[in-house]
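Visitor: Quick one: this structure, given as structure tokens, is what I'll be asking you about.
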Number of protein chains: 2
Amino acid sequence: MKANNQGKIQLRKWKTLSKETLLSANTHLTVENHEILLPDGKIIPDWTWIITPNVVIVIAVTEDQNFLCFRQTKYAIEGITLAPVGGMIEQHEDALSAAQRELFEETGYSSEEWVKLGSYVLDPNRGIATINLFLATNSKQAALPDASQKDLEDQQLLFLSRDEIQKALFNGEFKAIQWTAAVSLALDYLSK
Amino acid sequence: MKANNQGKIQLRKWKTLSKETLLSANTHLTVENHEILLPDGKIIPDWTWIITPNVVIVIAVTEDQNFLCFRQTKYAIEGITLAPVGGMIEQHEDALSAAQRELFEETGYSSEEWVKLGSYVLDPNRGIATINLFLATNSKQAALPDASQKDLEDQQLLFLSRDEIQKALFNGEFKAIQWTAAVSLALDYLSK
């Protein structure tokens with residue numbers, strides 16, 4: 001007995017009854033407790049809700065079809081990882097401006113051809129952050145990376161061919177889920 | 001001046017000096033403060049670290065090449081979303097067993113053809129959880145969904161053709177980043 005794809009059933013939303021701050025650790029993390037009313041009248045008194053800064057990720061491709069990536073270490077990642085350009089959106093900054101700023105600061109490259117590959121929640125239950133994915137094609141070097149804006153982590157800028165980045169993606173070398181999503185979607189988009 | 005892809009520079013790891021629990025909200029969330037030593041000798045005294053349950057996501061494809069997906073609501077998502085099968089890994093359970101259990105409980109389907117599409121950290125800085133992605137091909141209906149294991153959210157099981165799921169992916173209808181990563185990687189894998 002298969003569900004009927006045509007007949008869309010009504011899906012009911014949960015309602016937030018109250019919010020309370022459990023932890024305000026620093027500018028990068030707030031944890032709240034939400035009291036939630038389910039559609040059937042049941043109440044969940046202790047649904048934790050996490051707020052961290054929203055993020056941009058940029059898959060940048062050069063004029064000669066190389067993908068800009070970093071080899072780097074990250075505190076939550078075992079060993080070495082590959083990572084695209086990315087970072088936090090600053091206050092009063094829109095996602096595209098943050099993407100353009102991060103690309104320029106981290107690599108010295110800029111682009112006039114930006115495609116938004118969507119905005120996604122990091123966690124469907126607890127929220128945590130919105131991840132905004134961008135593809136920047138025909139990127140050109142305009143400056144050297146801005147050393148004053150360098151990430152705290154050691155990193156090395158690489159230029160990967162399309163075959164190399166596809167292979168790295170399948171090998172799991174982009175070790176964070178949002179990087180894998182960004183690379184995979186960008187490659188799909190470029191294949192269309 | 002491009003970086004030399006061949007000459008890999010040494011990348012230094014950060015070192016954890018101490019850990020302290022800031023919040024132990026429930027079985028689903030612990031927040032720690034980590035004191036971290038950077039390679040240059042600088043100390044970060046207040047790096048927040050988040051621990052939530054590890055997760056499996058299953059892209060399940062039926063014998064007749066339809067993709068099992070849910071239309072559903074989620075607390076952290078605006079409006080309606082599409083979502084693959086998935087859930088938390090239970091204690092003393094390995095990721096594959098959790099994937100097989102979730103597929104069976106949520107849909108009544110099972111498969112003997114499992115491909116692991118990688119394990120990824122949810123957040124490269126704060127950790128949060130490991131997301132394990134699986135593809136289950138040639139899935140067959142073995143029972144009805146287990147009503148006793150039903151998620152709290154309203155949901156409707158759909159069977160999407162490959163064209164339909166590809167289109168939904170590009171339209172951003174899988175609104176959590178791990179779902180988008182799973183669907184995109186699975187479609188890439190099946191295209192190989």
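In the structure tokens, each chain is lettered A, B, ... as it comes, each chain's residues begin at 1, and ligands are numbered from 1 in order of appearance.
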Contacts of region 149-161 of chain B at 7 Å or less, counting only C-alpha atoms, minus same-chain residues fewer than 3 places along, as a PDB file with C-alpha atoms, in the first residue's frame?
Guide:
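New file part00.pdb:
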```pdb
ATOM      1  CA  ALA A   3       1.035   6.611  -0.247  1.00  0.00           C
ATOM      2  CA  ASN A   5       1.925  11.296  -4.135  1.00  0.00           C
ATOM      3  CA  LEU A  11       0.744  18.667   7.962  1.00  0.00           C
ATOM      4  CA  ARG A  12       0.380  20.498  11.248  1.00  0.00           C
TER       5      ARG A  12
ATOM      6  CA  GLN B  65      13.710   3.196  -8.974  1.00  0.00           C
ATOM      7  CA  ASN B  66      11.581   5.416  -6.800  1.00  0.00           C
ATOM      8  CA  PHE B  67      13.118   7.368  -3.920  1.00  0.00           C
ATOM      9  CA  LEU B  68      11.428   7.119  -0.509  1.00  0.00           C
ATOM     10  CA  CYS B  69      10.977  10.582   0.993  1.00  0.00           C
ATOM     11  CA  PHE B  70       8.809  12.262   3.558  1.00  0.00           C
ATOM     12  CA  ARG B  71       6.814  15.439   3.210  1.00  0.00           C
ATOM     13  CA  GLN B  72       6.916  16.774   6.737  1.00  0.00           C
ATOM     14  CA  THR B  73       7.103  19.596   9.164  1.00  0.00           C
ATOM     15  CA  LYS B  74      10.091  20.072  11.462  1.00  0.00           C
ATOM     16  CA  GLU B 105      10.606   1.548  11.321  1.00  0.00           C
ATOM     17  CA  GLU B 106       9.759   4.626   9.281  1.00  0.00           C
ATOM     18  CA  ASP B 146       5.891   0.892  12.687  1.00  0.00           C
ATOM     19  CA  GLU B 164      11.401  14.463  -9.325  1.00  0.00           C
ATOM     20  CA  ILE B 165      13.986  14.166  -6.543  1.00  0.00           C
TER      21      ILE B 165
END
```
Visitor: What's around region 82-89 of chain A at 9 Å? Count only C-alpha atoms, leave out sequence neighbours fewer than 2 positions away in its own chain, and write the answer as number ranges by chain.
Guide: A: 53-60, 67-73, 80, 91-95, 97-99, 102-103, 106-107, 168, 173-176, 179-180, 182-183
Visitor: Next, write the just-selected residues to a file, as an mmCIF file, in the first residue's frame, keeping N, CA and C atoms as the atom set.
Guide:
```cif
data_model
loop_
_atom_site.group_PDB
_atom_site.id
_atom_site.type_symbol
_atom_site.label_atom_id
_atom_site.label_comp_id
_atom_site.auth_asym_id
_atom_site.auth_seq_id
_atom_site.Cartn_x
_atom_site.Cartn_y
_atom_site.Cartn_z
ATOM 1 N N PRO A 53 26.073 31.666 14.921
ATOM 2 C CA PRO A 53 26.026 32.596 13.772
ATOM 3 C C PRO A 53 25.708 31.883 12.452
ATOM 4 N N ASN A 54 24.992 32.575 11.592
ATOM 5 C CA ASN A 54 24.720 32.043 10.258
ATOM 6 C C ASN A 54 25.984 32.090 9.403
ATOM 7 N N VAL A 55 26.017 31.228 8.405
ATOM 8 C CA VAL A 55 27.255 30.924 7.695
ATOM 9 C C VAL A 55 27.052 31.072 6.187
ATOM 10 N N VAL A 56 28.114 31.442 5.489
ATOM 11 C CA VAL A 56 28.151 31.345 4.019
ATOM 12 C C VAL A 56 29.247 30.365 3.617
ATOM 13 N N ILE A 57 28.993 29.644 2.521
ATOM 14 C CA ILE A 57 30.006 28.782 1.916
ATOM 15 C C ILE A 57 30.060 29.131 0.432
ATOM 16 N N VAL A 58 31.271 29.258 -0.080
ATOM 17 C CA VAL A 58 31.468 29.693 -1.465
ATOM 18 C C VAL A 58 32.280 28.657 -2.230
ATOM 19 N N ILE A 59 31.677 28.093 -3.272
ATOM 20 C CA ILE A 59 32.451 27.284 -4.212
ATOM 21 C C ILE A 59 32.898 28.229 -5.318
ATOM 22 N N ALA A 60 34.193 28.525 -5.324
ATOM 23 C CA ALA A 60 34.730 29.500 -6.275
ATOM 24 C C ALA A 60 35.531 28.771 -7.350
ATOM 25 N N PHE A 67 38.991 24.860 -9.022
ATOM 26 C CA PHE A 67 38.189 25.125 -7.824
ATOM 27 C C PHE A 67 39.115 25.533 -6.677
ATOM 28 N N LEU A 68 38.807 26.661 -6.053
ATOM 29 C CA LEU A 68 39.609 27.146 -4.922
ATOM 30 C C LEU A 68 39.187 26.393 -3.656
ATOM 31 N N CYS A 69 40.148 25.733 -3.035
ATOM 32 C CA CYS A 69 39.875 24.980 -1.807
ATOM 33 C C CYS A 69 41.025 25.163 -0.837
ATOM 34 N N PHE A 70 40.729 24.949 0.408
ATOM 35 C CA PHE A 70 41.778 24.928 1.419
ATOM 36 C C PHE A 70 42.035 23.510 1.900
ATOM 37 N N ARG A 71 43.314 23.202 2.082
ATOM 38 C CA ARG A 71 43.727 22.092 2.939
ATOM 39 C C ARG A 71 43.857 22.704 4.308
ATOM 40 N N GLN A 72 43.197 22.134 5.313
ATOM 41 C CA GLN A 72 43.314 22.790 6.605
ATOM 42 C C GLN A 72 42.979 21.835 7.752
ATOM 43 N N THR A 73 43.283 22.310 8.933
ATOM 44 C CA THR A 73 42.863 21.623 10.145
ATOM 45 C C THR A 73 41.686 22.405 10.718
ATOM 46 N N ILE A 80 43.489 16.007 8.522
ATOM 47 C CA ILE A 80 43.424 17.132 7.591
ATOM 48 C C ILE A 80 42.116 17.035 6.815
ATOM 49 N N GLN A 91 27.093 40.927 11.616
ATOM 50 C CA GLN A 91 25.859 41.679 11.886
ATOM 51 C C GLN A 91 25.633 42.724 10.802
ATOM 52 N N HIS A 92 24.374 42.893 10.397
ATOM 53 C CA HIS A 92 23.987 43.879 9.388
ATOM 54 C C HIS A 92 24.585 43.584 8.019
ATOM 55 N N GLU A 93 24.966 42.322 7.778
ATOM 56 C CA GLU A 93 25.527 41.937 6.482
ATOM 57 C C GLU A 93 24.561 40.927 5.847
ATOM 58 N N ASP A 94 24.294 41.069 4.545
ATOM 59 C CA ASP A 94 23.467 40.039 3.904
ATOM 60 C C ASP A 94 24.372 38.891 3.463
ATOM 61 N N ALA A 95 23.736 37.767 3.108
ATOM 62 C CA ALA A 95 24.515 36.552 2.842
ATOM 63 C C ALA A 95 25.435 36.720 1.633
ATOM 64 N N SER A 97 26.787 39.466 0.397
ATOM 65 C CA SER A 97 27.917 40.345 0.753
ATOM 66 C C SER A 97 28.938 39.586 1.587
ATOM 67 N N ALA A 98 28.459 38.761 2.505
ATOM 68 C CA ALA A 98 29.379 37.967 3.333
ATOM 69 C C ALA A 98 30.160 36.988 2.456
ATOM 70 N N ALA A 99 29.485 36.387 1.486
ATOM 71 C CA ALA A 99 30.148 35.431 0.600
ATOM 72 C C ALA A 99 31.232 36.128 -0.209
ATOM 73 N N GLU A 102 34.140 37.074 2.175
ATOM 74 C CA GLU A 102 34.958 35.923 2.581
ATOM 75 C C GLU A 102 35.856 35.455 1.429
ATOM 76 N N LEU A 103 35.304 35.405 0.222
ATOM 77 C CA LEU A 103 36.119 34.973 -0.920
ATOM 78 C C LEU A 103 37.319 35.906 -1.086
ATOM 79 N N GLU A 106 39.829 35.673 2.043
ATOM 80 C CA GLU A 106 40.549 34.403 2.238
ATOM 81 C C GLU A 106 41.448 34.035 1.069
ATOM 82 N N THR A 107 41.105 34.518 -0.132
ATOM 83 C CA THR A 107 41.874 34.090 -1.318
ATOM 84 C C THR A 107 42.413 35.238 -2.161
ATOM 85 N N ALA A 168 37.786 14.003 -4.684
ATOM 86 C CA ALA A 168 37.923 14.332 -3.258
ATOM 87 C C ALA A 168 36.570 14.278 -2.554
ATOM 88 N N GLU A 173 36.778 13.687 1.510
ATOM 89 C CA GLU A 173 37.845 14.579 1.985
ATOM 90 C C GLU A 173 37.335 15.937 2.440
ATOM 91 N N PHE A 174 36.095 16.273 2.090
ATOM 92 C CA PHE A 174 35.452 17.462 2.666
ATOM 93 C C PHE A 174 34.673 16.956 3.876
ATOM 94 N N LYS A 175 35.247 17.095 5.046
ATOM 95 C CA LYS A 175 34.797 16.304 6.190
ATOM 96 C C LYS A 175 33.650 16.916 6.996
ATOM 97 N N ALA A 176 33.169 18.086 6.596
ATOM 98 C CA ALA A 176 31.982 18.667 7.250
ATOM 99 C C ALA A 176 30.809 18.573 6.276
ATOM 100 N N TRP A 179 30.106 21.406 3.775
ATOM 101 C CA TRP A 179 31.061 21.517 2.664
ATOM 102 C C TRP A 179 30.733 20.494 1.583
ATOM 103 N N THR A 180 30.424 19.273 2.029
ATOM 104 C CA THR A 180 30.053 18.219 1.083
ATOM 105 C C THR A 180 28.789 18.607 0.318
ATOM 106 N N ALA A 182 27.768 21.648 -0.336
ATOM 107 C CA ALA A 182 28.087 22.766 -1.233
ATOM 108 C C ALA A 182 28.829 22.280 -2.473
ATOM 109 N N VAL A 183 29.817 21.430 -2.272
ATOM 110 C CA VAL A 183 30.610 20.939 -3.410
ATOM 111 C C VAL A 183 29.736 20.089 -4.317
#
```
Visitor: With only C-alpha atoms as the basis for distance, which of B:Leu37, B:Val121, B:Leu169, B:Ile44 is at the shortest distance from chain A?
Guide: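 Among the listed residues, the smallest separation from chain A belongs to B:Val121.
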Visitor: Could you please write out, as an NGL selection string, every residue of region 12-181 of chain B that DSSP assigns to alpha helix (DSSP H)?
Guide: :B and (95-107 or 162-170 or 177-181)
Visitor: Selected residues, N, CA and C atoms, written as a PDB file, in the first residue's frame, please.
Guide:
```pdb
ATOM      1  N   ALA B  95      26.363   2.576  13.118  1.00  0.00           N
ATOM      2  CA  ALA B  95      25.648   3.470  12.199  1.00  0.00           C
ATOM      3  C   ALA B  95      24.824   2.672  11.193  1.00  0.00           C
ATOM      4  N   LEU B  96      25.373   1.599  10.641  1.00  0.00           N
ATOM      5  CA  LEU B  96      24.627   0.820   9.641  1.00  0.00           C
ATOM      6  C   LEU B  96      23.367   0.193  10.255  1.00  0.00           C
ATOM      7  N   SER B  97      23.508  -0.353  11.458  1.00  0.00           N
ATOM      8  CA  SER B  97      22.331  -0.934  12.122  1.00  0.00           C
ATOM      9  C   SER B  97      21.259   0.119  12.357  1.00  0.00           C
ATOM     10  N   ALA B  98      21.687   1.308  12.744  1.00  0.00           N
ATOM     11  CA  ALA B  98      20.719   2.392  12.957  1.00  0.00           C
ATOM     12  C   ALA B  98      20.027   2.753  11.646  1.00  0.00           C
ATOM     13  N   ALA B  99      20.784   2.772  10.563  1.00  0.00           N
ATOM     14  CA  ALA B  99      20.220   3.110   9.252  1.00  0.00           C
ATOM     15  C   ALA B  99      19.186   2.071   8.839  1.00  0.00           C
ATOM     16  N   GLN B 100      19.524   0.805   9.043  1.00  0.00           N
ATOM     17  CA  GLN B 100      18.600  -0.273   8.674  1.00  0.00           C
ATOM     18  C   GLN B 100      17.352  -0.239   9.547  1.00  0.00           C
ATOM     19  N   ARG B 101      17.544   0.026  10.846  1.00  0.00           N
ATOM     20  CA  ARG B 101      16.409   0.121  11.764  1.00  0.00           C
ATOM     21  C   ARG B 101      15.487   1.287  11.383  1.00  0.00           C
ATOM     22  N   GLU B 102      16.083   2.447  11.134  1.00  0.00           N
ATOM     23  CA  GLU B 102      15.264   3.629  10.810  1.00  0.00           C
ATOM     24  C   GLU B 102      14.476   3.410   9.519  1.00  0.00           C
ATOM     25  N   LEU B 103      15.119   2.817   8.514  1.00  0.00           N
ATOM     26  CA  LEU B 103      14.404   2.578   7.254  1.00  0.00           C
ATOM     27  C   LEU B 103      13.194   1.683   7.498  1.00  0.00           C
ATOM     28  N   PHE B 104      13.418   0.621   8.263  1.00  0.00           N
ATOM     29  CA  PHE B 104      12.326  -0.336   8.493  1.00  0.00           C
ATOM     30  C   PHE B 104      11.212   0.280   9.348  1.00  0.00           C
ATOM     31  N   GLU B 105      11.620   0.963  10.438  1.00  0.00           N
ATOM     32  CA  GLU B 105      10.606   1.548  11.321  1.00  0.00           C
ATOM     33  C   GLU B 105       9.770   2.612  10.610  1.00  0.00           C
ATOM     34  N   GLU B 106      10.452   3.463   9.842  1.00  0.00           N
ATOM     35  CA  GLU B 106       9.759   4.626   9.281  1.00  0.00           C
ATOM     36  C   GLU B 106       8.959   4.310   8.032  1.00  0.00           C
ATOM     37  N   THR B 107       9.378   3.275   7.292  1.00  0.00           N
ATOM     38  CA  THR B 107       8.723   3.023   6.001  1.00  0.00           C
ATOM     39  C   THR B 107       8.228   1.587   5.844  1.00  0.00           C
ATOM     40  N   ARG B 162      13.479   9.639 -10.097  1.00  0.00           N
ATOM     41  CA  ARG B 162      14.786  10.293 -10.093  1.00  0.00           C
ATOM     42  C   ARG B 162      14.690  11.746 -10.574  1.00  0.00           C
ATOM     43  N   ASP B 163      13.923  11.993 -11.603  1.00  0.00           N
ATOM     44  CA  ASP B 163      13.762  13.371 -12.081  1.00  0.00           C
ATOM     45  C   ASP B 163      13.102  14.236 -11.012  1.00  0.00           C
ATOM     46  N   GLU B 164      12.107  13.671 -10.341  1.00  0.00           N
ATOM     47  CA  GLU B 164      11.401  14.463  -9.325  1.00  0.00           C
ATOM     48  C   GLU B 164      12.319  14.813  -8.149  1.00  0.00           C
ATOM     49  N   ILE B 165      13.139  13.862  -7.706  1.00  0.00           N
ATOM     50  CA  ILE B 165      13.986  14.166  -6.543  1.00  0.00           C
ATOM     51  C   ILE B 165      15.120  15.112  -6.950  1.00  0.00           C
ATOM     52  N   GLN B 166      15.612  14.961  -8.182  1.00  0.00           N
ATOM     53  CA  GLN B 166      16.663  15.883  -8.661  1.00  0.00           C
ATOM     54  C   GLN B 166      16.110  17.312  -8.707  1.00  0.00           C
ATOM     55  N   LYS B 167      14.900  17.438  -9.200  1.00  0.00           N
ATOM     56  CA  LYS B 167      14.275  18.768  -9.300  1.00  0.00           C
ATOM     57  C   LYS B 167      14.024  19.347  -7.897  1.00  0.00           C
ATOM     58  N   ALA B 168      13.534  18.510  -6.991  1.00  0.00           N
ATOM     59  CA  ALA B 168      13.273  18.974  -5.619  1.00  0.00           C
ATOM     60  C   ALA B 168      14.570  19.411  -4.944  1.00  0.00           C
ATOM     61  N   LEU B 169      15.647  18.679  -5.226  1.00  0.00           N
ATOM     62  CA  LEU B 169      16.959  19.048  -4.664  1.00  0.00           C
ATOM     63  C   LEU B 169      17.359  20.449  -5.119  1.00  0.00           C
ATOM     64  N   PHE B 170      17.259  20.694  -6.425  1.00  0.00           N
ATOM     65  CA  PHE B 170      17.663  22.004  -6.965  1.00  0.00           C
ATOM     66  C   PHE B 170      16.726  23.120  -6.526  1.00  0.00           C
ATOM     67  N   ILE B 177      20.642  21.000   5.682  1.00  0.00           N
ATOM     68  CA  ILE B 177      21.865  20.841   4.878  1.00  0.00           C
ATOM     69  C   ILE B 177      22.282  19.372   4.786  1.00  0.00           C
ATOM     70  N   GLN B 178      22.050  18.570   5.831  1.00  0.00           N
ATOM     71  CA  GLN B 178      22.472  17.164   5.762  1.00  0.00           C
ATOM     72  C   GLN B 178      21.599  16.359   4.807  1.00  0.00           C
ATOM     73  N   TRP B 179      20.344  16.750   4.662  1.00  0.00           N
ATOM     74  CA  TRP B 179      19.467  16.062   3.706  1.00  0.00           C
ATOM     75  C   TRP B 179      19.905  16.382   2.284  1.00  0.00           C
ATOM     76  N   THR B 180      20.202  17.663   2.042  1.00  0.00           N
ATOM     77  CA  THR B 180      20.676  18.078   0.721  1.00  0.00           C
ATOM     78  C   THR B 180      21.980  17.365   0.376  1.00  0.00           C
ATOM     79  N   ALA B 181      22.889  17.268   1.335  1.00  0.00           N
ATOM     80  CA  ALA B 181      24.156  16.554   1.095  1.00  0.00           C
ATOM     81  C   ALA B 181      23.876  15.099   0.748  1.00  0.00           C
TER      82      ALA B 181
END
```
Visitor: As a ChimeraX atom specification, please: every residue in region 125-181 of chain B that a backbone DSSP assignment puts in strand (DSSP E or B).
Guide: /B:127-141,155-160,176
Visitor: Can you work out which one of B:Asn26, B:Thr62, B:Ser139, B:Thr52 has the shortest atom-to-atom distance to Arg126 (chain B), counting only C-alpha atoms?
Guide: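 Between B:Asn26, B:Thr62, B:Ser139, B:Thr52, the residue approaching Arg126 (chain B) most closely is B:Thr52.
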Visitor: Nearest to chain B: which of A:Tyr189, A:Thr137, A:Glu32, A:Asn125 is it, counting only C-alpha atoms?
Guide: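 Of A:Tyr189, A:Thr137, A:Glu32, A:Asn125, the one nearest chain B, counting only C-alpha atoms, is A:Asn125.
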Visitor: Give me, please, the distance in Å between CA of Leu38 (chain A) and CA of Gly7 (chain A), quoted to one decimal.
Guide: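 So the answer is 23.5 Å.
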Visitor: Interatomic distance between CA of Glu90 (chain B) and CA of Ser18 (chain A)?
Guide: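 Taking CA of Glu90 (chain B) and CA of Ser18 (chain A), their separation equals 29.2 Å.
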